[in-house]
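To start, the structure under review is shown below, and the notes come after it.
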Amino acid sequence: MLVYRKGIFCLEAEWFGLRSSVSVRPALELLRASDYKVPFIHRDVATRAELEHYLRKWFQGRQHGFEVLWLAIHSRKGLLLPGDMRRSDERIHIDRLEEVLAGRCRGRFVHFGGCRTVAVPAARIRRFLRATGAVGLSGFREEVDWTESTLFEIAYMLEMQKHPLTQVGMRRVRAALRRQRPVEYRETGFVVHLRA
């Protein structure tokens with residue numbers, strides 16, 4: 001089995017309140033325990049400042065090998081909501097995320113795990129990819145069920161291990177998901193955008 005191992009750097013915000021134990025961490029544990037032995041780093045973020053802090057950590061040399069950024073955070077169109085969703089100063093617009101990541105994502109990939117984050121014009125996505133240098137980004141254009149979307153993301157992250165992190169490799173990942181999971185792909189509005 002040929003493996004193009006890519007570590008996952010996952011930043012996750014609280015999903016459903018303090019009494020909820022919902023987290024993508026068990027999904028990451030499953031990926032690590034799989035035949036693909038996917039390494040991961042997982043950090044909880046509760047504020048915009050924490051999110052930006054860990055994004056800067058992602059660029060440090062010791063995080064080499066963790067090419068996939070998984071932002072498991074509540075979101076809206078072009079907007080991440082890591083903290084108190086009622087406070088506008090805790091929101092991170094895609095413009096600010098682009099500033100933080102600008103020019104630092106060569107050979108890396110960004111996945112948005114929240115609802116509708118990427119439901120923005122294609123031109124805005126292209127600008128983000130040009131500015132950051134990322135190979136590509138992915139996410140959901142629709143409101144998604146948390147459990148079902150996380151199961152889909154496990155399959156997605158496993159498929160990514162089978163291909164190089166290149167435009168050609170990611171096109172193959174996208175094609176495999178469309179073929180193997182057509183219903184989930186269509187109903188979630190899942191998209192994979194690649195830098196031109």
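We label chains A, B, ... in the order they appear in the structure tokens, count residues from 1 in each chain, and number ligands from 1 in the order shown.
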
Exercise for review: DSSP on the backbone, then: every residue of range 15-82 of chain A marked strand (DSSP E), written as JSON, numbers by chain.
Suggested key: {"A": [40, 41, 42, 43, 44, 68, 69, 70, 71, 72, 75, 76, 79, 80]}

Sorted by chain and rising residue number, which residues of range 11-31 of chain A lie within 12 Å of range 157-174 of chain A, and what are their closest atom pairs and distances in Å to one decimal, counting only C-alpha atoms, as CSV?
residue,atom,partner,partner_atom,distance
A:Ala27,CA,A:Met157,CA,10.0
A:Leu28,CA,A:Met157,CA,9.4
A:Leu30,CA,A:Leu158,CA,10.2
A:Leu31,CA,A:Leu158,CA,7.1

Review point. Could you name the residues that touch Gly65 in chain A at 10 Å or less, counting only C-alpha atoms, but leaving out those on the same chain fewer than 3 positions away, as a list of chain:residue names?
Key: A:Arg5, A:Lys6, A:Gly7, A:Ile8, A:Phe9, A:Pro39, A:Phe40, A:Gly61, A:Arg62, A:Val68, A:Arg108

Next, the residues of the selection above should be written as a PDB file, in the first residue's frame with N, CA and C atoms.
ATOM      1  N   ARG A   5       1.931  10.040   3.457  1.00  0.00           N
ATOM      2  CA  ARG A   5       1.461  10.455   4.785  1.00  0.00           C
ATOM      3  C   ARG A   5       1.510  11.961   4.966  1.00  0.00           C
ATOM      4  N   LYS A   6       0.370  12.497   5.418  1.00  0.00           N
ATOM      5  CA  LYS A   6       0.246  13.924   5.716  1.00  0.00           C
ATOM      6  C   LYS A   6      -0.311  14.060   7.118  1.00  0.00           C
ATOM      7  N   GLY A   7       0.422  14.703   7.984  1.00  0.00           N
ATOM      8  CA  GLY A   7      -0.074  14.939   9.321  1.00  0.00           C
ATOM      9  C   GLY A   7      -1.169  15.995   9.314  1.00  0.00           C
ATOM     10  N   ILE A   8      -2.021  15.924  10.318  1.00  0.00           N
ATOM     11  CA  ILE A   8      -3.144  16.861  10.434  1.00  0.00           C
ATOM     12  C   ILE A   8      -2.914  17.753  11.648  1.00  0.00           C
ATOM     13  N   PHE A   9      -2.993  19.050  11.428  1.00  0.00           N
ATOM     14  CA  PHE A   9      -2.906  20.052  12.489  1.00  0.00           C
ATOM     15  C   PHE A   9      -4.323  20.567  12.674  1.00  0.00           C
ATOM     16  N   PRO A  39      -0.501  10.914  11.599  1.00  0.00           N
ATOM     17  CA  PRO A  39      -0.161  11.681  12.801  1.00  0.00           C
ATOM     18  C   PRO A  39      -1.038  12.927  12.903  1.00  0.00           C
ATOM     19  N   PHE A  40      -1.239  13.396  14.122  1.00  0.00           N
ATOM     20  CA  PHE A  40      -2.020  14.622  14.273  1.00  0.00           C
ATOM     21  C   PHE A  40      -1.586  15.405  15.497  1.00  0.00           C
ATOM     22  N   GLY A  61       9.058  25.159  12.516  1.00  0.00           N
ATOM     23  CA  GLY A  61       9.732  24.002  11.926  1.00  0.00           C
ATOM     24  C   GLY A  61       9.385  22.679  12.570  1.00  0.00           C
ATOM     25  N   ARG A  62       9.115  22.681  13.872  1.00  0.00           N
ATOM     26  CA  ARG A  62       8.824  21.423  14.549  1.00  0.00           C
ATOM     27  C   ARG A  62       7.481  20.834  14.121  1.00  0.00           C
ATOM     28  N   VAL A  68      -1.730  19.369   6.638  1.00  0.00           N
ATOM     29  CA  VAL A  68      -3.171  19.603   6.517  1.00  0.00           C
ATOM     30  C   VAL A  68      -3.669  20.356   7.753  1.00  0.00           C
ATOM     31  N   ARG A 108       0.927  23.093   1.582  1.00  0.00           N
ATOM     32  CA  ARG A 108      -0.033  22.810   2.653  1.00  0.00           C
ATOM     33  C   ARG A 108      -1.457  22.899   2.124  1.00  0.00           C
TER      34      ARG A 108
END

Fewer than 4 positions away in the same chain doesn't count, so skip those; otherwise give me all residues within 6 Å of range 90-101 of chain A, counting only C-alpha atoms, as a PDB file with C-alpha atoms, in the first residue's frame.
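The file below, out-v1.pdb, is the result:
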ATOM      1  CA  ARG A  48      -9.881  34.383  18.272  1.00  0.00           C
ATOM      2  CA  GLY A  78     -16.518  33.334   4.997  1.00  0.00           C
ATOM      3  CA  LEU A  79     -16.511  33.593   8.791  1.00  0.00           C
ATOM      4  CA  LEU A  80     -15.056  31.442  11.601  1.00  0.00           C
ATOM      5  CA  LEU A  81     -16.725  31.580  15.022  1.00  0.00           C
ATOM      6  CA  GLY A  83     -15.475  31.842  20.665  1.00  0.00           C
ATOM      7  CA  PHE A 128      -7.288  33.297  -0.648  1.00  0.00           C
ATOM      8  CA  THR A 132      -1.658  32.014   1.137  1.00  0.00           C
TER       9      THR A 132
END

**Study point:** Contacts of range 11-16 of chain A at 8 Å (only C-alpha atoms; same-chain gap of 5+ positions) as a list in words
**Key:**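 Using only C-alpha atoms, the neighbours found are Val22, Ser23, Val24, His42, Arg43, Asp44, Val45, Ala46, Leu51, Tyr54, Leu69, Trp70, Leu71, Ala72, Ile73, His74, Pro82 and Gly83 of chain A.
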
Mind writing the picked residues with C-alpha atoms as a PDB file, in the first residue's frame?
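Heads up, here's the output in result.pdb:
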ATOM      1  CA  VAL A  22     -18.649  16.361  20.965  1.00  0.00           C
ATOM      2  CA  SER A  23     -15.166  16.576  19.432  1.00  0.00           C
ATOM      3  CA  VAL A  24     -13.325  15.511  16.296  1.00  0.00           C
ATOM      4  CA  HIS A  42      -5.086  18.691  18.152  1.00  0.00           C
ATOM      5  CA  ARG A  43      -5.659  21.889  20.109  1.00  0.00           C
ATOM      6  CA  ASP A  44      -8.845  23.367  21.533  1.00  0.00           C
ATOM      7  CA  VAL A  45      -9.391  27.044  20.821  1.00  0.00           C
ATOM      8  CA  ALA A  46     -11.949  29.169  22.652  1.00  0.00           C
ATOM      9  CA  LEU A  51      -6.835  30.482  17.121  1.00  0.00           C
ATOM     10  CA  TYR A  54      -1.947  28.223  17.161  1.00  0.00           C
ATOM     11  CA  LEU A  69      -4.847  22.301   8.600  1.00  0.00           C
ATOM     12  CA  TRP A  70      -8.289  21.151   9.793  1.00  0.00           C
ATOM     13  CA  LEU A  71     -10.313  24.028  11.251  1.00  0.00           C
ATOM     14  CA  ALA A  72     -13.098  22.258  13.170  1.00  0.00           C
ATOM     15  CA  ILE A  73     -14.935  25.434  14.094  1.00  0.00           C
ATOM     16  CA  HIS A  74     -18.491  26.759  13.863  1.00  0.00           C
ATOM     17  CA  PRO A  82     -14.240  30.109  17.522  1.00  0.00           C
ATOM     18  CA  GLY A  83     -15.475  31.842  20.665  1.00  0.00           C
TER      19      GLY A  83
END

Check your understanding: Do you have the CA of Ala122 in chain A-CA of Gly139 in chain A distance handy?
Key -> 12.9 Å

Practice item. Have a look at A:Arg19, A:His53, A:Arg106, A:Arg87 and name the one nearest to Val135 in chain A; count only C-alpha atoms. Key: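 Closest candidate: A:Arg106.
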